[in-house]
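Asks: What follows is a structure written as structure tokens; I'll ask about it next.
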Amino acid sequence: MAAPTAASSTTVPPARRGAASAAALVVLAVAAIAYPFVMKALGEEFYVSVASRIMVYAIAATSLNLILGYGGLVSFGHAAFLGIGAYTVGILITEGVVSGWIGIPAAMLLAALVAIPIGAISLRTRGVYFIMITLAFAQMLFYLVNSIKAYGGDEGLNIKVRSAFGFGLNLKDDVTFYFVVLACLAGTLLVVHRVMGSRFGRIVLAMRDDDMRAEAIGVPTFRYKLVLFVLGAALGGLAGALMVNQQNYVNPNVLHWTQSGTLMVMVILGGVGTLWGGVLGAFALLVLEEVVAAYTEHWQFYVGWVLLGIVLYAPKGLVGLIRRAAGRDGASR
């Protein structure tokens, strides 16, 4: 009998791997719930707000990862859907509609509705043409919002109150807002996990691996891509709705293509096509920004070197590094 190889001897059994993942998830959930109370007890409420900002961007990056990582669609216009969500809630609050039960679903719905014609046109192209068309649509929306002087134009829109949900929830309190964002992030991850674990998700992965072969065996690839694109846009609208609540302000720059680039950096940094890639990427990039910016205003220079190192030595991102350390190189998600 041949001696076991080094690779096989370090492979973790699936049952043990599943138990370890479940335990890690429980520990993470407990830490996330305890975090704001610990920060408040230490008198560091500012870091509760920072954590909320990270989670909002984690939702945005996860929504892009759904399109980019799982669908293989490189979109430089995804920030447009964040902007649509942010401006929908901001305008509704300005007009006196402060209910979060109306504002946030409206933001997601409007982002999804706008994504239908954008996706219907863009998805008829591939590669660099798809990138440029999504970029063009995002820039058109950027200049459209810039021209709406009634809601701030290029100066942006300030809102005086946050969305209201009733039930004694006061989103002006940073801890309460933190838990609302945490619940939205958990819901986003659950939706992505269930979607990609379904038959729909398996077909999406098949199209990503070989689009033409999937079409040749009878898969309506255009329809599946459009549904995926619209779902990603809706989740982007959710991130935008939370973003304007967190900042009490929104300006047209949230729709700019550079914002899409930032989200793409987060996805690459965390792990393209992985459930936790957007979360880890948002955490790593924003924490790195906070730390390095405390020492120099040229923090982008050093972040660029970190990203370069990740691309060269860990092409699967931070998720890939964690899986490698845990002996899970073969895991697909």
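Within each chain, counting starts at residue 1; across the structure tokens, chains are named A, B, ... in the order shown, with ligands numbered 1 upward in that order.
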Applying 7 Å and only C-alpha atoms, which residues near Leu92 of chain A remain after dropping the ones on its own chain fewer than 5 positions away? List them as a count of residues only.
Replies: 3
Asks: Quick one: residues within 9 Å of Gly270 of chain A, only C-alpha atoms, excluding same-chain residues fewer than 4 positions away - as a PyMOL selection string?
Replies: chain A and resi 265-266+274+276-284+316-320
Asks: Give me a file of those residues, with all heavy atoms, as a tab-separated table (two decimals), in the first residue's frame.
Replies:
chain	number	residue	atom	x	y	z
A	265	VAL	N	-12.13	46.53	-5.48
A	265	VAL	CA	-10.92	46.27	-4.68
A	265	VAL	C	-11.28	45.44	-3.45
A	265	VAL	O	-10.55	44.50	-3.09
A	265	VAL	CB	-10.26	47.60	-4.27
A	265	VAL	CG1	-9.18	47.36	-3.21
A	265	VAL	CG2	-9.66	48.29	-5.48
A	266	MET	N	-12.38	45.76	-2.80
A	266	MET	CA	-12.82	45.00	-1.64
A	266	MET	C	-13.06	43.54	-1.98
A	266	MET	O	-12.66	42.63	-1.25
A	266	MET	CB	-14.09	45.61	-1.05
A	266	MET	CG	-13.90	46.97	-0.41
A	266	MET	SD	-15.46	47.66	0.19
A	266	MET	CE	-14.89	49.20	0.92
A	274	THR	N	-16.61	34.19	-3.35
A	274	THR	CA	-16.73	33.52	-2.06
A	274	THR	C	-17.76	34.26	-1.22
A	274	THR	O	-17.92	35.49	-1.36
A	274	THR	CB	-15.39	33.49	-1.30
A	274	THR	OG1	-14.93	34.83	-1.08
A	274	THR	CG2	-14.34	32.72	-2.09
A	276	TRP	N	-17.84	35.05	1.96
A	276	TRP	CA	-17.31	36.01	2.92
A	276	TRP	C	-16.31	36.97	2.30
A	276	TRP	O	-15.73	37.81	3.00
A	276	TRP	CB	-16.67	35.27	4.09
A	276	TRP	CG	-17.66	34.56	4.94
A	276	TRP	CD1	-18.05	33.26	4.82
A	276	TRP	CD2	-18.43	35.10	6.02
A	276	TRP	NE1	-19.00	32.94	5.76
A	276	TRP	CE2	-19.25	34.06	6.51
A	276	TRP	CE3	-18.50	36.36	6.61
A	276	TRP	CZ2	-20.12	34.25	7.57
A	276	TRP	CZ3	-19.37	36.55	7.68
A	276	TRP	CH2	-20.18	35.50	8.14
A	277	GLY	N	-16.11	36.89	0.99
A	277	GLY	CA	-15.13	37.74	0.34
A	277	GLY	C	-15.41	39.22	0.50
A	277	GLY	O	-14.53	40.02	0.81
A	278	GLY	N	-16.66	39.61	0.27
A	278	GLY	CA	-17.02	41.02	0.39
A	278	GLY	C	-16.88	41.53	1.80
A	278	GLY	O	-16.46	42.68	2.03
A	279	VAL	N	-17.22	40.70	2.78
A	279	VAL	CA	-17.15	41.11	4.19
A	279	VAL	C	-15.69	41.30	4.60
A	279	VAL	O	-15.32	42.33	5.17
A	279	VAL	CB	-17.82	40.05	5.09
A	279	VAL	CG1	-17.70	40.45	6.55
A	279	VAL	CG2	-19.28	39.88	4.70
A	280	LEU	N	-14.85	40.30	4.31
A	280	LEU	CA	-13.44	40.40	4.69
A	280	LEU	C	-12.74	41.52	3.92
A	280	LEU	O	-11.89	42.23	4.48
A	280	LEU	CB	-12.74	39.07	4.43
A	280	LEU	CG	-13.08	37.93	5.39
A	280	LEU	CD1	-12.36	36.65	4.97
A	280	LEU	CD2	-12.73	38.28	6.82
A	281	GLY	N	-13.09	41.70	2.66
A	281	GLY	CA	-12.48	42.75	1.86
A	281	GLY	C	-12.83	44.13	2.37
A	281	GLY	O	-11.96	45.01	2.47
A	282	ALA	N	-14.10	44.34	2.71
A	282	ALA	CA	-14.52	45.64	3.25
A	282	ALA	C	-13.84	45.91	4.59
A	282	ALA	O	-13.35	47.01	4.85
A	282	ALA	CB	-16.04	45.67	3.42
A	283	PHE	N	-13.79	44.89	5.43
A	283	PHE	CA	-13.13	45.03	6.74
A	283	PHE	C	-11.65	45.37	6.56
A	283	PHE	O	-11.14	46.32	7.17
A	283	PHE	CB	-13.29	43.74	7.54
A	283	PHE	CG	-12.58	43.75	8.87
A	283	PHE	CD1	-13.16	44.35	9.97
A	283	PHE	CD2	-11.32	43.18	9.00
A	283	PHE	CE1	-12.49	44.38	11.20
A	283	PHE	CE2	-10.65	43.19	10.21
A	283	PHE	CZ	-11.25	43.80	11.31
A	284	ALA	N	-10.96	44.62	5.72
A	284	ALA	CA	-9.52	44.82	5.55
A	284	ALA	C	-9.22	46.18	4.96
A	284	ALA	O	-8.33	46.90	5.45
A	284	ALA	CB	-8.95	43.72	4.66
A	316	LYS	N	-6.70	34.05	-4.42
A	316	LYS	CA	-8.06	33.79	-3.91
A	316	LYS	C	-8.42	34.71	-2.76
A	316	LYS	O	-9.44	34.51	-2.10
A	316	LYS	CB	-8.19	32.33	-3.48
A	316	LYS	CG	-8.05	31.35	-4.64
A	316	LYS	CD	-8.24	29.92	-4.19
A	316	LYS	CE	-8.07	28.94	-5.35
A	316	LYS	NZ	-8.23	27.53	-4.92
A	317	GLY	N	-7.59	35.70	-2.50
A	317	GLY	CA	-7.89	36.70	-1.49
A	317	GLY	C	-7.71	36.21	-0.06
A	317	GLY	O	-7.11	35.16	0.18
A	318	LEU	N	-8.23	36.99	0.86
A	318	LEU	CA	-8.10	36.65	2.28
A	318	LEU	C	-8.83	35.36	2.60
A	318	LEU	O	-8.38	34.59	3.46
A	318	LEU	CB	-8.63	37.80	3.14
A	318	LEU	CG	-7.87	39.13	3.03
A	318	LEU	CD1	-8.56	40.20	3.85
A	318	LEU	CD2	-6.43	38.96	3.48
A	319	VAL	N	-9.95	35.12	1.93
A	319	VAL	CA	-10.66	33.87	2.14
A	319	VAL	C	-9.78	32.68	1.74
A	319	VAL	O	-9.74	31.66	2.43
A	319	VAL	CB	-11.99	33.85	1.36
A	319	VAL	CG1	-12.63	32.46	1.41
A	319	VAL	CG2	-12.96	34.88	1.92
A	320	GLY	N	-9.05	32.83	0.64
A	320	GLY	CA	-8.15	31.77	0.21
A	320	GLY	C	-7.04	31.52	1.21
A	320	GLY	O	-6.66	30.37	1.45
Asks: Let's see if you can do this: from backbone DSSP, list all alpha helix (DSSP H) residues in segment 63-119 of chain A, as an NGL selection string.
Replies: :A and (63-65 or 79-94 or 100-119)
Asks: Based on the selection just made, write N, CA, C and O atoms of those residues as a compact mmCIF listing (two decimals), in the first residue's frame.
Replies:
# COMPACT_ATOMS: atom_id res chain seq x y z
N SER A 63 -22.88 42.44 -2.69
CA SER A 63 -23.80 42.55 -3.83
C SER A 63 -23.03 42.58 -5.15
O SER A 63 -23.47 42.00 -6.15
N LEU A 64 -21.87 43.24 -5.17
CA LEU A 64 -21.04 43.22 -6.37
C LEU A 64 -20.42 41.84 -6.59
O LEU A 64 -20.32 41.37 -7.73
N ASN A 65 -20.02 41.19 -5.51
CA ASN A 65 -19.42 39.86 -5.61
C ASN A 65 -20.40 38.86 -6.22
O ASN A 65 -19.99 37.91 -6.90
N ALA A 79 -21.88 50.97 -8.60
CA ALA A 79 -22.12 52.05 -7.64
C ALA A 79 -23.40 52.82 -7.94
O ALA A 79 -23.96 53.47 -7.05
N ALA A 80 -23.85 52.76 -9.19
CA ALA A 80 -25.09 53.45 -9.54
C ALA A 80 -26.26 52.96 -8.70
O ALA A 80 -27.14 53.74 -8.30
N PHE A 81 -26.27 51.67 -8.38
CA PHE A 81 -27.38 51.11 -7.61
C PHE A 81 -27.29 51.52 -6.14
O PHE A 81 -28.31 51.69 -5.47
N LEU A 82 -26.06 51.70 -5.63
CA LEU A 82 -25.91 52.26 -4.29
C LEU A 82 -26.47 53.67 -4.27
O LEU A 82 -27.19 54.05 -3.33
N GLY A 83 -26.13 54.44 -5.29
CA GLY A 83 -26.61 55.82 -5.35
C GLY A 83 -28.12 55.90 -5.46
O GLY A 83 -28.76 56.76 -4.83
N ILE A 84 -28.71 55.01 -6.26
CA ILE A 84 -30.17 55.00 -6.39
C ILE A 84 -30.82 54.71 -5.04
O ILE A 84 -31.78 55.37 -4.63
N GLY A 85 -30.28 53.72 -4.31
CA GLY A 85 -30.82 53.40 -2.99
C GLY A 85 -30.66 54.54 -2.02
O GLY A 85 -31.59 54.87 -1.26
N ALA A 86 -29.48 55.18 -2.04
CA ALA A 86 -29.22 56.28 -1.10
C ALA A 86 -30.12 57.47 -1.40
O ALA A 86 -30.71 58.06 -0.48
N TYR A 87 -30.23 57.83 -2.66
CA TYR A 87 -31.05 58.99 -3.02
C TYR A 87 -32.54 58.71 -2.84
O TYR A 87 -33.31 59.62 -2.51
N THR A 88 -32.97 57.48 -3.03
CA THR A 88 -34.38 57.15 -2.81
C THR A 88 -34.77 57.41 -1.36
O THR A 88 -35.76 58.08 -1.07
N VAL A 89 -33.97 56.89 -0.43
CA VAL A 89 -34.25 57.11 0.99
C VAL A 89 -34.09 58.58 1.37
O VAL A 89 -34.91 59.15 2.10
N GLY A 90 -33.01 59.21 0.86
CA GLY A 90 -32.77 60.62 1.18
C GLY A 90 -33.91 61.51 0.71
O GLY A 90 -34.36 62.40 1.46
N ILE A 91 -34.40 61.30 -0.51
CA ILE A 91 -35.49 62.12 -1.04
C ILE A 91 -36.79 61.84 -0.29
O ILE A 91 -37.55 62.78 0.03
N LEU A 92 -37.06 60.59 0.01
CA LEU A 92 -38.28 60.27 0.76
C LEU A 92 -38.27 60.93 2.14
O LEU A 92 -39.28 61.49 2.58
N ILE A 93 -37.13 60.88 2.83
CA ILE A 93 -37.03 61.52 4.15
C ILE A 93 -37.19 63.03 4.00
O ILE A 93 -37.88 63.68 4.82
N THR A 94 -36.60 63.62 2.98
CA THR A 94 -36.73 65.06 2.73
C THR A 94 -38.19 65.45 2.51
O THR A 94 -38.63 66.52 2.94
N GLY A 100 -38.80 53.51 7.64
CA GLY A 100 -37.85 52.60 7.03
C GLY A 100 -38.54 51.44 6.35
O GLY A 100 -37.97 50.82 5.43
N TRP A 101 -39.75 51.11 6.79
CA TRP A 101 -40.50 50.01 6.17
C TRP A 101 -40.95 50.38 4.76
O TRP A 101 -41.29 49.50 3.96
N ILE A 102 -40.96 51.69 4.47
CA ILE A 102 -41.27 52.15 3.11
C ILE A 102 -39.99 52.48 2.36
O ILE A 102 -39.79 52.06 1.22
N GLY A 103 -39.10 53.24 3.00
CA GLY A 103 -37.91 53.75 2.33
C GLY A 103 -36.96 52.67 1.85
O GLY A 103 -36.52 52.69 0.69
N ILE A 104 -36.62 51.71 2.71
CA ILE A 104 -35.62 50.71 2.33
C ILE A 104 -36.15 49.75 1.26
O ILE A 104 -35.46 49.50 0.27
N PRO A 105 -37.38 49.21 1.40
CA PRO A 105 -37.90 48.40 0.29
C PRO A 105 -38.02 49.20 -1.02
O PRO A 105 -37.76 48.65 -2.10
N ALA A 106 -38.40 50.49 -0.90
CA ALA A 106 -38.49 51.32 -2.11
C ALA A 106 -37.13 51.49 -2.77
O ALA A 106 -37.00 51.48 -4.00
N ALA A 107 -36.09 51.65 -1.94
CA ALA A 107 -34.72 51.78 -2.47
C ALA A 107 -34.31 50.51 -3.22
O ALA A 107 -33.74 50.58 -4.32
N MET A 108 -34.59 49.36 -2.64
CA MET A 108 -34.24 48.09 -3.27
C MET A 108 -35.04 47.88 -4.54
O MET A 108 -34.51 47.43 -5.57
N LEU A 109 -36.33 48.22 -4.48
CA LEU A 109 -37.20 48.02 -5.65
C LEU A 109 -36.79 48.93 -6.80
O LEU A 109 -36.70 48.48 -7.95
N LEU A 110 -36.52 50.20 -6.49
CA LEU A 110 -36.14 51.12 -7.56
C LEU A 110 -34.80 50.74 -8.18
O LEU A 110 -34.63 50.81 -9.40
N ALA A 111 -33.84 50.32 -7.34
CA ALA A 111 -32.55 49.87 -7.87
C ALA A 111 -32.74 48.67 -8.79
O ALA A 111 -32.11 48.58 -9.86
N ALA A 112 -33.62 47.74 -8.40
CA ALA A 112 -33.88 46.56 -9.22
C ALA A 112 -34.57 46.94 -10.53
O ALA A 112 -34.23 46.40 -11.60
N LEU A 113 -35.51 47.87 -10.46
CA LEU A 113 -36.24 48.29 -11.67
C LEU A 113 -35.30 48.99 -12.66
O LEU A 113 -35.39 48.76 -13.88
N VAL A 114 -34.41 49.82 -12.15
CA VAL A 114 -33.45 50.50 -13.03
C VAL A 114 -32.47 49.48 -13.62
O VAL A 114 -32.03 49.61 -14.77
N ALA A 115 -32.16 48.44 -12.85
CA ALA A 115 -31.21 47.42 -13.32
C ALA A 115 -31.77 46.60 -14.47
O ALA A 115 -30.99 46.03 -15.26
N ILE A 116 -33.10 46.51 -14.58
CA ILE A 116 -33.68 45.68 -15.64
C ILE A 116 -33.31 46.20 -17.03
O ILE A 116 -32.75 45.45 -17.86
N PRO A 117 -33.59 47.48 -17.36
CA PRO A 117 -33.19 47.94 -18.71
C PRO A 117 -31.67 48.02 -18.88
O PRO A 117 -31.16 47.73 -19.97
N ILE A 118 -30.95 48.40 -17.81
CA ILE A 118 -29.48 48.46 -17.91
C ILE A 118 -28.93 47.06 -18.20
O ILE A 118 -28.08 46.88 -19.08
N GLY A 119 -29.42 46.07 -17.44
CA GLY A 119 -28.97 44.70 -17.65
C GLY A 119 -29.40 44.15 -18.99
O GLY A 119 -28.63 43.44 -19.66
Asks: Please list as a ChimeraX atom specification every residue within 12 Å of His193 of chain A, counting only C-alpha atoms and excluding residues in the same chain fewer than 3 positions away.
Replies: /A:62-63,66,70,186-190,196-198,200-202,273-276,333
Asks: Excluding Ile121 of chain A and residues on its chain fewer than 6 positions from it, collect all residues at most 10 Å away from it, counting only C-alpha atoms, and give them as a list in words.
Replies: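 Here the answer would be Ala115, Phe130, Ile133, Thr134 and Leu226 of chain A.
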Asks: Residues as selected, all heavy atoms, written as a short mmCIF file (atom, residue, chain, number, x, y, z; two decimals), in the first residue's frame, can you do that?
Replies:
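Everything below was put into part_10.cif:
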data_model
loop_
_atom_site.label_atom_id
_atom_site.label_comp_id
_atom_site.auth_asym_id
_atom_site.auth_seq_id
_atom_site.Cartn_x
_atom_site.Cartn_y
_atom_site.Cartn_z
N ALA A 115 -32.16 48.44 -12.85
CA ALA A 115 -31.21 47.42 -13.32
C ALA A 115 -31.77 46.60 -14.47
O ALA A 115 -30.99 46.03 -15.26
CB ALA A 115 -30.83 46.50 -12.17
N PHE A 130 -19.04 44.88 -22.11
CA PHE A 130 -19.94 44.90 -20.95
C PHE A 130 -19.43 45.89 -19.90
O PHE A 130 -20.20 46.65 -19.33
CB PHE A 130 -20.05 43.49 -20.35
CG PHE A 130 -20.89 43.42 -19.11
CD1 PHE A 130 -22.27 43.35 -19.21
CD2 PHE A 130 -20.32 43.45 -17.84
CE1 PHE A 130 -23.07 43.29 -18.06
CE2 PHE A 130 -21.10 43.39 -16.70
CZ PHE A 130 -22.47 43.31 -16.81
N ILE A 133 -20.15 49.49 -21.13
CA ILE A 133 -21.57 49.87 -21.15
C ILE A 133 -22.07 50.12 -19.73
O ILE A 133 -22.80 51.10 -19.49
CB ILE A 133 -22.41 48.80 -21.87
CG1 ILE A 133 -22.11 48.82 -23.37
CG2 ILE A 133 -23.89 49.02 -21.64
CD1 ILE A 133 -22.86 47.79 -24.16
N THR A 134 -21.71 49.26 -18.79
CA THR A 134 -22.13 49.49 -17.40
C THR A 134 -21.51 50.78 -16.87
O THR A 134 -22.16 51.53 -16.12
CB THR A 134 -21.74 48.31 -16.50
OG1 THR A 134 -20.34 48.05 -16.62
CG2 THR A 134 -22.52 47.05 -16.88
N LEU A 226 -29.61 38.12 -16.26
CA LEU A 226 -30.42 39.29 -15.95
C LEU A 226 -30.98 39.21 -14.54
O LEU A 226 -30.96 40.20 -13.79
CB LEU A 226 -31.55 39.45 -16.97
CG LEU A 226 -32.44 40.70 -16.79
CD1 LEU A 226 -31.59 41.96 -16.89
CD2 LEU A 226 -33.55 40.71 -17.84
#
Asks: Please provide as a compact mmCIF listing (two decimals) with N, CA and C atoms, in the first residue's frame all residues within 12 Å of Met140 of chain A, with the sequence filter that same-chain residues fewer than 3 positions apart are discarded (counting only C-alpha atoms).
Replies:
# COMPACT_ATOMS: atom_id res chain seq x y z
N GLY A 77 -20.23 49.73 -13.12
CA GLY A 77 -21.35 50.64 -12.88
C GLY A 77 -22.18 50.27 -11.68
N ALA A 80 -23.85 52.76 -9.19
CA ALA A 80 -25.09 53.45 -9.54
C ALA A 80 -26.26 52.96 -8.70
N ILE A 118 -30.95 48.40 -17.81
CA ILE A 118 -29.48 48.46 -17.91
C ILE A 118 -28.93 47.06 -18.20
N ILE A 133 -20.15 49.49 -21.13
CA ILE A 133 -21.57 49.87 -21.15
C ILE A 133 -22.07 50.12 -19.73
N THR A 134 -21.71 49.26 -18.79
CA THR A 134 -22.13 49.49 -17.40
C THR A 134 -21.51 50.78 -16.87
N LEU A 135 -20.28 51.05 -17.24
CA LEU A 135 -19.62 52.30 -16.84
C LEU A 135 -20.37 53.50 -17.42
N ALA A 136 -20.78 53.40 -18.69
CA ALA A 136 -21.49 54.50 -19.34
C ALA A 136 -22.82 54.77 -18.66
N PHE A 137 -23.56 53.73 -18.33
CA PHE A 137 -24.85 53.92 -17.64
C PHE A 137 -24.64 54.58 -16.28
N TYR A 143 -24.31 62.07 -13.74
CA TYR A 143 -24.55 63.43 -14.23
C TYR A 143 -26.01 63.83 -14.11
N LEU A 144 -26.91 62.87 -14.19
CA LEU A 144 -28.33 63.16 -13.99
C LEU A 144 -28.58 63.64 -12.56
N VAL A 145 -28.02 62.94 -11.58
CA VAL A 145 -28.19 63.35 -10.19
C VAL A 145 -27.52 64.69 -9.94
N ASN A 146 -26.39 64.93 -10.57
CA ASN A 146 -25.71 66.22 -10.45
C ASN A 146 -26.59 67.37 -10.91
N SER A 147 -27.46 67.11 -11.86
CA SER A 147 -28.28 68.18 -12.44
C SER A 147 -29.56 68.44 -11.68
N PRO A 252 -23.58 63.04 -5.22
CA PRO A 252 -23.50 62.26 -6.46
C PRO A 252 -22.26 61.37 -6.58
N LEU A 255 -22.34 57.57 -6.84
CA LEU A 255 -22.64 56.88 -8.10
C LEU A 255 -21.44 56.82 -9.04
N HIS A 256 -20.37 57.49 -8.68
CA HIS A 256 -19.24 57.61 -9.60
C HIS A 256 -18.56 56.26 -9.80
N TRP A 257 -17.90 56.10 -10.95
CA TRP A 257 -17.27 54.82 -11.27
C TRP A 257 -16.14 54.49 -10.29
Asks: May I ask for the distance between atom CA of Ala31 of chain A and atom CA of Ala51 of chain A, given in Å to one decimal place?
Replies: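 About the pair atom CA of Ala31 of chain A and atom CA of Ala51 of chain A: they are 12.3 Å apart.
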Asks: Go ahead and compute the interatomic distance for atom CA of Arg208 of chain A and atom CA of Ala120 of chain A, in Å to one decimal.
Replies: 17.9 Å
Asks: Report the distance between atom CA of Gln259 of chain A and atom CA of Met55 of chain A in Å, rounded to one decimal place.
Replies: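 Between atom CA of Gln259 of chain A and atom CA of Met55 of chain A the gap is 16.0 Å.
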Asks: As a VMD selection string, please: every residue in segment 107-268 of chain A that DSSP puts in strand (DSSP E).
Replies: chain A and resid 157 to 158 249 to 250
